[in-house]
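For reference, input.pdb (PDB, C-alpha atoms):
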ATOM      1  CA  MET A  29      72.476  -8.111 213.204
ATOM      2  CA  THR A  30      73.897 -11.417 211.970
ATOM      3  CA  LEU A  31      71.952 -14.549 212.933
ATOM      4  CA  ALA A  32      72.893 -18.221 213.316
ATOM      5  CA  PHE A  33      70.512 -21.070 214.069
ATOM      6  CA  LEU A  34      71.832 -23.878 216.295
ATOM      7  CA  PHE A  35      70.407 -27.401 216.531
ATOM      8  CA  PRO A  36      70.807 -29.508 219.706
ATOM      9  CA  GLY A  37      72.214 -33.013 220.047
ATOM     10  CA  GLN A  38      71.579 -36.101 222.122
ATOM     11  CA  GLY A  39      70.943 -35.461 225.789
ATOM     12  CA  SER A  40      68.439 -32.682 225.121
ATOM     13  CA  GLN A  41      65.542 -35.127 224.751
ATOM     14  CA  ALA A  42      62.726 -35.168 227.303
ATOM     15  CA  VAL A  43      59.281 -36.729 227.417
ATOM     16  CA  GLY A  44      56.776 -34.076 226.342
ATOM     17  CA  MET A  45      59.135 -32.285 223.972
ATOM     18  CA  GLY A  46      57.315 -30.805 220.999
ATOM     19  CA  ALA A  47      53.872 -31.448 222.511
ATOM     20  CA  GLU A  48      52.961 -27.812 223.152
ATOM     21  CA  LEU A  49      54.151 -26.859 219.677
ATOM     22  CA  GLY A  50      52.205 -29.686 218.057
ATOM     23  CA  ASP A  51      49.062 -28.796 219.958
ATOM     24  CA  ALA A  52      49.307 -25.165 218.853
ATOM     25  CA  PHE A  53      50.396 -25.330 215.207
ATOM     26  CA  ALA A  54      49.456 -27.486 212.200
ATOM     27  CA  SER A  55      52.881 -26.775 210.681
ATOM     28  CA  ALA A  56      54.547 -28.537 213.618
ATOM     29  CA  ARG A  57      52.104 -31.459 213.550
ATOM     30  CA  SER A  58      52.815 -31.917 209.849
ATOM     31  CA  VAL A  59      56.517 -32.381 210.577
ATOM     32  CA  PHE A  60      55.843 -34.943 213.293
ATOM     33  CA  GLU A  61      53.453 -36.868 211.018
ATOM     34  CA  GLU A  62      55.964 -36.913 208.149
ATOM     35  CA  VAL A  63      58.699 -38.271 210.421
ATOM     36  CA  ASP A  64      56.344 -40.959 211.734
ATOM     37  CA  ASP A  65      55.494 -41.955 208.162
ATOM     38  CA  ALA A  66      59.141 -42.031 207.095
ATOM     39  CA  LEU A  67      60.124 -44.288 209.977
ATOM     40  CA  GLY A  68      56.987 -46.399 210.108
ATOM     41  CA  GLN A  69      56.689 -45.873 213.859
ATOM     42  CA  ARG A  70      54.694 -43.694 216.257
ATOM     43  CA  LEU A  71      57.657 -41.591 217.296
ATOM     44  CA  TYR A  72      55.582 -38.487 218.066
ATOM     45  CA  ARG A  73      53.473 -40.486 220.518
ATOM     46  CA  LEU A  74      56.675 -41.735 222.185
ATOM     47  CA  MET A  75      57.946 -38.148 222.411
ATOM     48  CA  ARG A  76      54.692 -36.997 224.021
ATOM     49  CA  GLU A  77      54.026 -39.896 226.373
ATOM     50  CA  GLY A  78      57.290 -41.803 226.878
ATOM     51  CA  PRO A  79      58.433 -43.977 228.488
ATOM     52  CA  ALA A  80      61.632 -42.007 228.954
ATOM     53  CA  GLU A  81      63.798 -45.152 228.740
ATOM     54  CA  GLU A  82      62.504 -45.874 225.239
ATOM     55  CA  LEU A  83      62.808 -42.263 224.083
ATOM     56  CA  THR A  84      66.412 -42.158 225.335
ATOM     57  CA  LEU A  85      67.431 -45.120 223.161
ATOM     58  CA  THR A  86      69.862 -43.699 220.614
ATOM     59  CA  GLU A  87      67.862 -44.900 217.609
ATOM     60  CA  ASN A  88      64.788 -43.028 218.923
ATOM     61  CA  ALA A  89      66.389 -39.974 220.512
ATOM     62  CA  GLN A  90      68.256 -38.958 217.356
ATOM     63  CA  PRO A  91      65.303 -38.731 214.926
ATOM     64  CA  ALA A  92      63.045 -37.411 217.709
ATOM     65  CA  LEU A  93      65.335 -34.463 218.446
ATOM     66  CA  MET A  94      65.577 -33.725 214.741
ATOM     67  CA  ALA A  95      61.784 -33.811 214.454
ATOM     68  CA  VAL A  96      61.349 -31.232 217.221
ATOM     69  CA  SER A  97      63.982 -28.973 215.674
ATOM     70  CA  LEU A  98      62.350 -29.143 212.248
ATOM     71  CA  ALA A  99      58.910 -28.560 213.771
ATOM     72  CA  VAL A 100      60.234 -25.384 215.412
ATOM     73  CA  ALA A 101      61.834 -24.302 212.122
ATOM     74  CA  ALA A 102      58.624 -24.941 210.170
ATOM     75  CA  THR A 103      56.554 -23.010 212.703
ATOM     76  CA  LEU A 104      58.993 -20.108 212.718
ATOM     77  CA  LYS A 105      58.625 -19.834 208.942
ATOM     78  CA  THR A 106      54.891 -20.475 208.594
ATOM     79  CA  GLU A 107      53.507 -18.717 211.652
ATOM     80  CA  PHE A 108      56.074 -16.002 212.347
ATOM     81  CA  GLY A 109      57.620 -15.281 208.945
ATOM     82  CA  VAL A 110      61.170 -16.218 209.947
ATOM     83  CA  PRO A 111      62.642 -18.801 207.532
ATOM     84  CA  VAL A 112      65.921 -20.569 208.285
ATOM     85  CA  ALA A 113      67.338 -18.821 205.215
ATOM     86  CA  ARG A 114      67.132 -15.584 207.237
ATOM     87  CA  ALA A 115      70.278 -16.763 209.069
ATOM     88  CA  ALA A 116      73.840 -16.396 207.823
ATOM     89  CA  PHE A 117      74.811 -19.873 209.097
ATOM     90  CA  VAL A 118      73.411 -22.991 210.711
ATOM     91  CA  ALA A 119      75.225 -25.472 212.959
ATOM     92  CA  GLY A 120      74.197 -28.578 214.848
ATOM     93  CA  HIS A 121      75.790 -30.507 217.704
ATOM     94  CA  SER A 122      76.507 -34.091 216.601
ATOM     95  CA  LEU A 123      73.140 -35.458 215.381
ATOM     96  CA  GLY A 124      72.025 -31.815 215.290
ATOM     97  CA  GLU A 125      74.143 -31.415 212.161
ATOM     98  CA  TYR A 126      71.526 -33.510 210.330
ATOM     99  CA  SER A 127      68.797 -31.253 211.741
ATOM    100  CA  ALA A 128      70.717 -28.204 210.536
ATOM    101  CA  LEU A 129      71.134 -29.692 207.064
ATOM    102  CA  ALA A 130      67.454 -30.601 206.801
ATOM    103  CA  ALA A 131      66.387 -27.155 208.012
ATOM    104  CA  ALA A 132      68.672 -25.559 205.415
ATOM    105  CA  GLY A 133      67.265 -27.706 202.598
ATOM    106  CA  ALA A 134      70.257 -30.005 202.072
ATOM    107  CA  LEU A 135      68.345 -33.121 203.208
ATOM    108  CA  THR A 136      64.653 -33.904 202.971
ATOM    109  CA  LEU A 137      62.885 -34.363 206.288
ATOM    110  CA  ALA A 138      62.175 -38.027 205.514
ATOM    111  CA  ASP A 139      65.782 -38.744 204.523
ATOM    112  CA  ALA A 140      67.114 -37.020 207.647
ATOM    113  CA  ALA A 141      64.794 -39.119 209.829
ATOM    114  CA  ARG A 142      65.814 -42.388 208.177
ATOM    115  CA  LEU A 143      69.516 -41.526 208.252
ATOM    116  CA  LEU A 144      69.358 -40.668 211.954
ATOM    117  CA  LYS A 145      67.454 -43.854 212.776
ATOM    118  CA  LEU A 146      70.187 -45.832 211.018
ATOM    119  CA  ARG A 147      72.919 -43.724 212.646
ATOM    120  CA  GLY A 148      71.549 -44.496 216.094
ATOM    121  CA  GLN A 149      71.272 -48.209 215.342
ATOM    122  CA  ALA A 150      74.745 -48.336 213.775
ATOM    123  CA  MET A 151      76.332 -46.574 216.749
ATOM    124  CA  GLN A 152      74.671 -49.022 219.115
ATOM    125  CA  ARG A 153      75.850 -52.008 217.069
ATOM    126  CA  ALA A 154      79.446 -50.766 216.848
ATOM    127  CA  VAL A 155      80.392 -51.477 220.481
ATOM    128  CA  PRO A 156      78.747 -53.994 222.846
ATOM    129  CA  VAL A 157      76.957 -52.371 225.790
ATOM    130  CA  GLY A 158      79.312 -51.981 228.745
ATOM    131  CA  GLU A 159      82.556 -52.092 226.758
ATOM    132  CA  GLY A 160      82.677 -48.370 225.995
ATOM    133  CA  ALA A 161      82.218 -45.264 228.113
ATOM    134  CA  MET A 162      82.121 -41.480 228.023
ATOM    135  CA  ALA A 163      82.825 -38.930 230.736
ATOM    136  CA  SER A 164      82.393 -35.187 231.056
ATOM    137  CA  LEU A 165      85.383 -33.274 232.419
ATOM    138  CA  ILE A 166      84.188 -30.085 234.064
ATOM    139  CA  GLY A 167      85.359 -27.242 236.260
ATOM    140  CA  PRO A 168      87.375 -24.030 235.955
ATOM    141  CA  LYS A 169      90.659 -25.895 235.397
ATOM    142  CA  THR A 170      89.241 -27.953 232.533
ATOM    143  CA  ASP A 171      90.554 -26.935 229.145
ATOM    144  CA  LEU A 172      91.489 -28.792 225.984
ATOM    145  CA  ALA A 173      95.093 -29.330 227.114
ATOM    146  CA  LEU A 174      93.946 -30.971 230.353
ATOM    147  CA  ALA A 175      91.443 -33.160 228.508
ATOM    148  CA  GLU A 176      94.059 -34.210 225.955
ATOM    149  CA  ALA A 177      96.463 -35.124 228.759
ATOM    150  CA  ALA A 178      93.791 -37.183 230.504
ATOM    151  CA  ALA A 179      92.873 -38.973 227.268
ATOM    152  CA  GLU A 180      96.531 -39.694 226.560
ATOM    153  CA  ALA A 181      96.881 -41.271 229.996
ATOM    154  CA  GLY A 182      93.831 -43.416 229.357
ATOM    155  CA  SER A 183      95.214 -44.491 226.004
ATOM    156  CA  ALA A 184      97.781 -46.615 227.832
ATOM    157  CA  VAL A 185      95.110 -49.295 228.273
ATOM    158  CA  GLY A 186      92.780 -48.734 225.300
ATOM    159  CA  VAL A 187      91.114 -46.202 223.025
ATOM    160  CA  CYS A 188      90.492 -42.831 224.681
ATOM    161  CA  VAL A 189      90.037 -39.487 222.907
ATOM    162  CA  VAL A 190      88.431 -36.079 223.310
ATOM    163  CA  ALA A 191      84.971 -36.522 221.780
ATOM    164  CA  ASN A 192      83.218 -33.182 222.374
ATOM    165  CA  ASP A 193      85.094 -29.920 222.907
ATOM    166  CA  ASN A 194      82.009 -28.020 224.059
ATOM    167  CA  ASN A 195      83.557 -25.072 225.876
ATOM    168  CA  ALA A 196      86.249 -24.366 228.434
ATOM    169  CA  GLY A 197      85.072 -26.121 231.569
ATOM    170  CA  ASN A 198      83.045 -28.768 229.697
ATOM    171  CA  ILE A 199      84.875 -31.345 227.580
ATOM    172  CA  VAL A 200      83.806 -34.947 226.961
ATOM    173  CA  ILE A 201      86.112 -37.942 226.535
ATOM    174  CA  SER A 202      85.161 -41.258 224.962
ATOM    175  CA  GLY A 203      86.577 -44.738 224.418
ATOM    176  CA  ASP A 204      87.083 -48.148 225.992
ATOM    177  CA  LYS A 205      85.674 -48.260 229.526
ATOM    178  CA  ALA A 206      88.991 -49.137 231.169
ATOM    179  CA  ALA A 207      90.738 -46.342 229.271
ATOM    180  CA  VAL A 208      88.082 -43.774 230.186
ATOM    181  CA  ASP A 209      88.223 -44.864 233.839
ATOM    182  CA  LEU A 210      91.991 -44.305 233.840
ATOM    183  CA  ALA A 211      91.577 -40.943 232.089
ATOM    184  CA  ILE A 212      89.082 -39.899 234.770
ATOM    185  CA  GLU A 213      91.681 -40.525 237.470
ATOM    186  CA  LYS A 214      94.249 -38.490 235.532
ATOM    187  CA  ALA A 215      91.771 -35.638 235.012
ATOM    188  CA  LYS A 216      91.016 -35.531 238.726
ATOM    189  CA  ALA A 217      94.723 -35.444 239.507
ATOM    190  CA  LEU A 218      95.043 -32.459 237.150
ATOM    191  CA  GLY A 219      92.262 -30.578 238.960
ATOM    192  CA  ALA A 220      89.148 -31.347 236.943
ATOM    193  CA  ARG A 221      85.901 -32.924 238.061
ATOM    194  CA  ALA A 222      84.838 -35.954 236.043
ATOM    195  CA  ILE A 223      81.318 -37.289 235.620
ATOM    196  CA  PRO A 224      80.725 -40.634 233.853
ATOM    197  CA  LEU A 225      77.912 -40.209 231.338
ATOM    198  CA  ASN A 226      74.912 -42.505 231.127
ATOM    199  CA  VAL A 227      75.273 -43.342 227.435
ATOM    200  CA  SER A 228      74.773 -46.565 225.524
ATOM    201  CA  ALA A 229      77.915 -46.294 223.389
ATOM    202  CA  PRO A 230      81.218 -44.360 223.195
ATOM    203  CA  PHE A 231      80.324 -41.773 220.560
ATOM    204  CA  HIS A 232      82.805 -39.744 218.479
ATOM    205  CA  CYS A 233      85.810 -42.016 218.933
ATOM    206  CA  PRO A 234      87.631 -44.585 216.751
ATOM    207  CA  LEU A 235      85.533 -47.407 218.236
ATOM    208  CA  MET A 236      82.664 -46.062 216.110
ATOM    209  CA  ALA A 237      84.448 -47.053 212.861
ATOM    210  CA  PRO A 238      81.885 -49.783 212.030
ATOM    211  CA  ALA A 239      79.109 -47.197 212.357
ATOM    212  CA  ALA A 240      81.024 -44.796 210.110
ATOM    213  CA  GLU A 241      81.210 -47.517 207.451
ATOM    214  CA  GLU A 242      77.438 -48.042 207.650
ATOM    215  CA  MET A 243      76.794 -44.321 207.376
ATOM    216  CA  GLU A 244      79.174 -43.997 204.440
ATOM    217  CA  ARG A 245      77.146 -46.585 202.530
ATOM    218  CA  ALA A 246      73.863 -44.876 203.406
ATOM    219  CA  LEU A 247      75.108 -41.366 202.649
ATOM    220  CA  THR A 248      76.448 -42.484 199.270
ATOM    221  CA  LEU A 249      72.849 -43.172 198.276
ATOM    222  CA  ALA A 250      71.364 -40.063 199.905
ATOM    223  CA  SER A 251      70.467 -36.978 197.907
ATOM    224  CA  ILE A 252      72.216 -33.900 199.324
ATOM    225  CA  ALA A 253      71.604 -30.391 197.992
ATOM    226  CA  PRO A 254      73.634 -27.252 198.771
ATOM    227  CA  PRO A 255      72.317 -25.929 202.109
ATOM    228  CA  SER A 256      71.113 -22.347 202.372
ATOM    229  CA  PRO A 257      72.519 -20.992 204.604
ATOM    230  CA  PRO A 258      75.787 -22.957 204.780
ATOM    231  CA  VAL A 259      76.375 -25.362 207.664
ATOM    232  CA  VAL A 260      79.318 -25.067 210.055
ATOM    233  CA  ALA A 261      80.604 -28.641 210.219
ATOM    234  CA  ASN A 262      81.439 -30.327 213.522
ATOM    235  CA  VAL A 263      84.752 -31.792 212.409
ATOM    236  CA  THR A 264      86.153 -28.642 210.746
ATOM    237  CA  ALA A 265      84.469 -25.813 212.713
ATOM    238  CA  ARG A 266      84.074 -24.014 209.380
ATOM    239  CA  PRO A 267      81.168 -23.575 206.949
ATOM    240  CA  THR A 268      80.503 -25.548 203.802
ATOM    241  CA  ALA A 269      77.726 -25.677 201.242
ATOM    242  CA  ASP A 270      79.280 -28.319 198.989
ATOM    243  CA  PRO A 271      77.196 -31.530 198.929
ATOM    244  CA  GLU A 272      80.148 -33.875 198.447
ATOM    245  CA  ALA A 273      82.084 -32.235 201.272
ATOM    246  CA  ILE A 274      79.002 -32.516 203.488
ATOM    247  CA  ARG A 275      78.694 -36.217 202.658
ATOM    248  CA  ARG A 276      82.336 -36.821 203.599
ATOM    249  CA  LEU A 277      82.199 -34.729 206.770
ATOM    250  CA  LEU A 278      79.086 -36.538 208.032
ATOM    251  CA  VAL A 279      80.996 -39.812 207.784
ATOM    252  CA  GLU A 280      84.051 -38.339 209.530
ATOM    253  CA  GLN A 281      81.794 -36.953 212.254
ATOM    254  CA  VAL A 282      80.860 -40.440 213.499
ATOM    255  CA  THR A 283      84.395 -41.109 214.753
ATOM    256  CA  GLY A 284      85.654 -37.511 214.869
ATOM    257  CA  ARG A 285      85.647 -34.779 217.470
ATOM    258  CA  VAL A 286      82.727 -32.370 217.769
ATOM    259  CA  ARG A 287      84.615 -29.063 217.663
ATOM    260  CA  TRP A 288      81.753 -27.034 219.103
ATOM    261  CA  ARG A 289      83.808 -24.492 221.060
ATOM    262  CA  GLU A 290      85.807 -23.645 217.938
ATOM    263  CA  SER A 291      82.621 -23.468 215.866
ATOM    264  CA  MET A 292      81.055 -20.977 218.265
ATOM    265  CA  GLU A 293      84.269 -18.945 218.512
ATOM    266  CA  TRP A 294      84.444 -18.741 214.711
ATOM    267  CA  LEU A 295      80.794 -17.755 214.381
ATOM    268  CA  ALA A 296      80.971 -15.091 217.094
ATOM    269  CA  GLY A 297      84.377 -13.870 215.914
ATOM    270  CA  GLU A 298      85.357 -14.019 212.260
ATOM    271  CA  ALA A 299      81.796 -14.601 211.004
ATOM    272  CA  GLY A 300      80.406 -11.704 213.052
ATOM    273  CA  VAL A 301      77.314 -13.512 214.376
ATOM    274  CA  THR A 302      75.614 -11.441 217.087
ATOM    275  CA  VAL A 303      72.404 -13.461 217.600
ATOM    276  CA  PHE A 304      72.195 -17.221 218.196
ATOM    277  CA  ALA A 305      68.892 -19.127 218.308
ATOM    278  CA  GLU A 306      68.756 -22.739 219.516
ATOM    279  CA  VAL A 307      66.067 -24.486 217.488
ATOM    280  CA  GLY A 308      64.484 -27.472 219.245
ATOM    281  CA  SER A 309      64.462 -29.163 222.621
ATOM    282  CA  GLY A 310      66.247 -27.757 225.668
ATOM    283  CA  LYS A 311      68.756 -24.962 226.094
ATOM    284  CA  VAL A 312      72.142 -26.691 226.344
ATOM    285  CA  LEU A 313      73.602 -24.868 223.337
ATOM    286  CA  THR A 314      72.220 -21.531 224.524
ATOM    287  CA  GLY A 315      74.192 -21.992 227.747
ATOM    288  CA  ILE A 316      77.357 -22.727 225.784
ATOM    289  CA  VAL A 317      76.888 -19.589 223.679
ATOM    290  CA  LYS A 318      76.649 -17.499 226.845
ATOM    291  CA  ARG A 319      79.971 -18.906 228.027
ATOM    292  CA  VAL A 320      81.855 -18.834 224.712
ATOM    293  CA  ALA A 321      80.389 -15.586 223.315
ATOM    294  CA  PRO A 322      79.022 -13.593 226.278
ATOM    295  CA  ASP A 323      78.447 -10.477 224.189
ATOM    296  CA  ALA A 324      76.088 -12.260 221.779
ATOM    297  CA  ALA A 325      72.333 -12.577 222.242
ATOM    298  CA  ALA A 326      71.134 -16.162 222.705
ATOM    299  CA  PHE A 327      67.597 -17.564 222.509
ATOM    300  CA  ALA A 328      66.272 -21.069 223.214
ATOM    301  CA  LEU A 329      63.248 -21.739 221.003
ATOM    302  CA  ASN A 330      61.141 -24.489 222.599
ATOM    303  CA  ALA A 331      57.580 -23.338 223.259
ATOM    304  CA  PRO A 332      55.244 -21.150 221.158
ATOM    305  CA  ALA A 333      55.874 -18.166 223.434
ATOM    306  CA  ASP A 334      59.638 -18.504 222.810
ATOM    307  CA  LEU A 335      59.124 -18.340 219.065
ATOM    308  CA  GLU A 336      56.824 -15.324 219.283
ATOM    309  CA  ALA A 337      59.219 -13.417 221.549
ATOM    310  CA  PHE A 338      62.191 -14.216 219.294
ATOM    311  CA  ALA A 339      60.390 -13.164 216.110
ATOM    312  CA  LYS A 340      59.578  -9.797 217.668
ATOM    313  CA  THR A 341      63.297  -9.092 218.177
ATOM    314  CA  LEU A 342      64.086  -9.370 214.463
TER     315      LEU A 342
END

Show how you would write the structure in this file as structure tokens.
Amino acid sequence: MTLAFLFPGQGSQAVGMGAELGDAFASARSVFEEVDDALGQRLYRLMREGPAEELTLTENAQPALMAVSLAVAATLKTEFGVPVARAAFVAGHSLGEYSALAAAGALTLADAARLLKLRGQAMQRAVPVGEGAMASLIGPKTDLALAEAAAEAGSAVGVCVVANDNNAGNIVISGDKAAVDLAIEKAKALGARAIPLNVSAPFHCPLMAPAAEEMERALTLASIAPPSPPVVANVTARPTADPEAIRRLLVEQVTGRVRWRESMEWLAGEAGVTVFAEVGSGKVLTGIVKRVAPDAAAFALNAPADLEAFAKTL
């Protein structure tokens, strides 16, 4: 058995996430308290009680999702004897890459929280609300070639690129609103369904360049250790444990494509991973694993019972 831990990204947040874990385990509560202290805000209370509109704000959702993931990881280690180092690889979707790095010891919990708070704020500042957009292209005809063709059509009137290559049948485009609107029409003409996403900024596209510059300055000052296990980076779909490479790839990730489908194909193929565990809120990545690597086992670790059942399989 070869194991990989996966860490979810934005969109997996929900009011109440982490509450059951925090109520049950001191190890989880300790993580939530440390994140609150690092940020100087009552983020755990917001996660437990809402309001949802405030939790969904990018600057709150990003550190909150990381906090839940790290609380699950801490509880797995302390209560069930399953450390993250038990895995061969870790990977995280977009902001989840920071969660993966913190879980693997490359970033401290406090640094990861502060970096994600800044990342969310910088992304929001990069493009005025309403000027950018994202859309999910879905359906059996949706593949990377179709998404690239749609984005190219949209590029006639502005920035439009493939932002998240999640899996065949689920690809996200991002850019200027007019360009994304045009790309949606092209995608529909090519046989895909297109759903505009309720996001506050066009993530993972060249319009995020100002945010990348902010993150480059912040990451230059951050202490990064070699992760154990290595992290599969979003922008390369391959593992690295080199701190300077990680620093560079985290900057590139702000404007670059999340190559999640390729990452999962590499893990399930060349890397020989047979068990995937999604550490944190929701089960979006577990669903992707089942589509990309149907022969692999996939677990979503949210509640205490999930962790106990998973630990018993190892």

* To do: With a distance cut-off of 8 Å and all atoms listed in the file, select the neighbouring residues of A:Met45, excluding the residue or stretch itself and same-chain residues fewer than 5 positions from it, and output the selection as a list in words.
  =>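 Counting only the stated atoms, we get Met75, Arg76, Val96 and Ser309 of chain A.
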
File dump, residues just selected, C-alpha atoms, as a PDB file, in the coordinates of the input:
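Dumped to again_0.pdb:
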ATOM      1  CA  MET A  75      57.946 -38.148 222.411  1.00  0.00           C
ATOM      2  CA  ARG A  76      54.692 -36.997 224.021  1.00  0.00           C
ATOM      3  CA  VAL A  96      61.349 -31.232 217.221  1.00  0.00           C
ATOM      4  CA  SER A 309      64.462 -29.163 222.621  1.00  0.00           C
TER       5      SER A 309
END

Residues of stretch 265-308 of chain A that approach stretch 318-333 of chain A to 12 Å or less, counting all atoms listed in the file: could you list each one with the shortest pair of atoms and its distance in Å to one decimal, rows by chain and increasing residue number, as a Markdown table?
| residue | atom | partner | partner_atom | distance |
| --- | --- | --- | --- | --- |
| A:Trp288 | CA | A:Val320 | CA | 9.9 |
| A:Arg289 | CA | A:Val320 | CA | 7.0 |
| A:Glu290 | CA | A:Val320 | CA | 9.2 |
| A:Ser291 | CA | A:Val320 | CA | 10.0 |
| A:Met292 | CA | A:Val320 | CA | 6.8 |
| A:Glu293 | CA | A:Val320 | CA | 6.7 |
| A:Trp294 | CA | A:Ala321 | CA | 10.0 |
| A:Leu295 | CA | A:Ala321 | CA | 9.2 |
| A:Ala296 | CA | A:Ala321 | CA | 6.3 |
| A:Gly297 | CA | A:Ala321 | CA | 8.6 |
| A:Gly300 | CA | A:Ala324 | CA | 9.8 |
| A:Val301 | CA | A:Ala324 | CA | 7.6 |
| A:Thr302 | CA | A:Ala324 | CA | 4.8 |
| A:Val303 | CA | A:Ala325 | CA | 4.7 |
| A:Phe304 | CA | A:Ala326 | CA | 4.8 |
| A:Ala305 | CA | A:Phe327 | CA | 4.7 |
| A:Glu306 | CA | A:Ala328 | CA | 4.8 |
| A:Val307 | CA | A:Leu329 | CA | 5.3 |
| A:Gly308 | CA | A:Asn330 | CA | 5.6 |

* Shell of 9 Å around A:Gly50, all atoms listed in the file, local chain residues under 5 positions omitted, as a PyMOL selection string -> chain A and resi 55-58+60+99

* **Polymer residues at most 8 Å from A:Gln281, all atoms listed in the file, same-chain spacing of 3 or more positions, as a ChimeraX atom specification** => /A:122,232,262-263,277-278,284-286

* Asked: Looking at A:Glu176, A:Glu336, A:Glu213, A:Glu272, which one is nearest to A:Phe108, with distances taken over all atoms listed in the file?
  -> A:Glu336

* Asked: In Å to one decimal, how far is atom CA of A:Ser97 from atom CA of A:Ser256?
  ->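 Interatomic distance, atom CA of A:Ser256 to atom CA of A:Ser97: 16.5 Å.
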
Quick one: axis-aligned box around all listed atoms of stretch 60-66 of chain A, 8 Å on every side, centre and edge lengths in Å to one decimal, written as JSON.
{"center_x": 56.3, "center_y": -38.5, "center_z": 210.2, "size_x": 21.7, "size_y": 23.1, "size_z": 22.2}

* On this file, the PyMOL selection byres ((chain A and resi 220) around 10) gives some set of residues; write that set as a list in words. => Ser164, Leu165, Ile166, Gly167, Pro168, Lys169, Thr170, Asp171, Leu174, Ala175, Ala178, Gly197, Asn198, Ile212, Glu213, Lys214, Ala215, Lys216, Ala217, Leu218, Gly219, Arg221, Ala222 and Ile223 of chain A

* Would you write out, as an MDAnalysis selection string, every residue that the PyMOL selection byres ((chain A and resi 92) around 12) captures in this file? => chainID A and resid 36:47 59:64 67 69:76 78 82:91 93:99 123:124 126:127 137 140:142 144:145 148 308:309

Extract, using only C-alpha atoms, all DNA, RNA and protein residues at most 12 Å from stretch 111-113 of chain A, discarding same-chain residues fewer than 5 positions from it, and format them as a compact mmCIF listing (two decimals) with C-alpha atoms, keeping the file's coordinate frame.
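What ended up in around22.txt:
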# COMPACT_ATOMS: atom_id res chain seq x y z
CA THR A 30 73.90 -11.42 211.97
CA LEU A 31 71.95 -14.55 212.93
CA ALA A 32 72.89 -18.22 213.32
CA PHE A 33 70.51 -21.07 214.07
CA LEU A 34 71.83 -23.88 216.30
CA PHE A 35 70.41 -27.40 216.53
CA SER A 97 63.98 -28.97 215.67
CA LEU A 98 62.35 -29.14 212.25
CA ALA A 99 58.91 -28.56 213.77
CA VAL A 100 60.23 -25.38 215.41
CA ALA A 101 61.83 -24.30 212.12
CA ALA A 102 58.62 -24.94 210.17
CA THR A 103 56.55 -23.01 212.70
CA LEU A 104 58.99 -20.11 212.72
CA LYS A 105 58.62 -19.83 208.94
CA THR A 106 54.89 -20.48 208.59
CA VAL A 118 73.41 -22.99 210.71
CA ALA A 119 75.22 -25.47 212.96
CA SER A 127 68.80 -31.25 211.74
CA ALA A 128 70.72 -28.20 210.54
CA LEU A 129 71.13 -29.69 207.06
CA ALA A 130 67.45 -30.60 206.80
CA ALA A 131 66.39 -27.16 208.01
CA ALA A 132 68.67 -25.56 205.42
CA GLY A 133 67.26 -27.71 202.60
CA ALA A 134 70.26 -30.00 202.07
CA PRO A 255 72.32 -25.93 202.11
CA SER A 256 71.11 -22.35 202.37
CA PRO A 257 72.52 -20.99 204.60
CA PRO A 258 75.79 -22.96 204.78
CA VAL A 259 76.38 -25.36 207.66
CA ALA A 305 68.89 -19.13 218.31
CA GLU A 306 68.76 -22.74 219.52
CA VAL A 307 66.07 -24.49 217.49
CA ALA A 339 60.39 -13.16 216.11
CA LEU A 342 64.09 -9.37 214.46

* **Residues returned when the PyMOL selection byres ((chain A and resi 236-246) around 7) runs on this file, as a list in words** =>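 Taken over the shown coordinates, the PyMOL selection byres ((chain A and resi 236-246) around 7) returns Arg147, Ala150, Met151, Ala154, Phe231, His232, Cys233, Pro234, Leu235, Leu247, Thr248, Leu249, Ala250, Val279, Val282 and Thr283 of chain A.
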
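For the pair atom CA of A:Val312 and atom CA of A:Gly120, the interatomic distance is 11.8 Å.
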
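For the pair atom CA of A:Gly182 and atom CA of A:Glu159, the interatomic distance is 14.5 Å.
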
* Asked: Nearest to A:Thr268: which of A:Glu298, A:Phe117, A:Leu135, A:Val200 is it, counting all atoms listed in the file?
  -> A:Phe117

* **From A:Ala52, A:Lys205, A:Lys340, A:Asn195, residue lying nearest A:Gly315 [all atoms listed in the file]** =>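 Selected residue with least distance to A:Gly315: A:Asn195.
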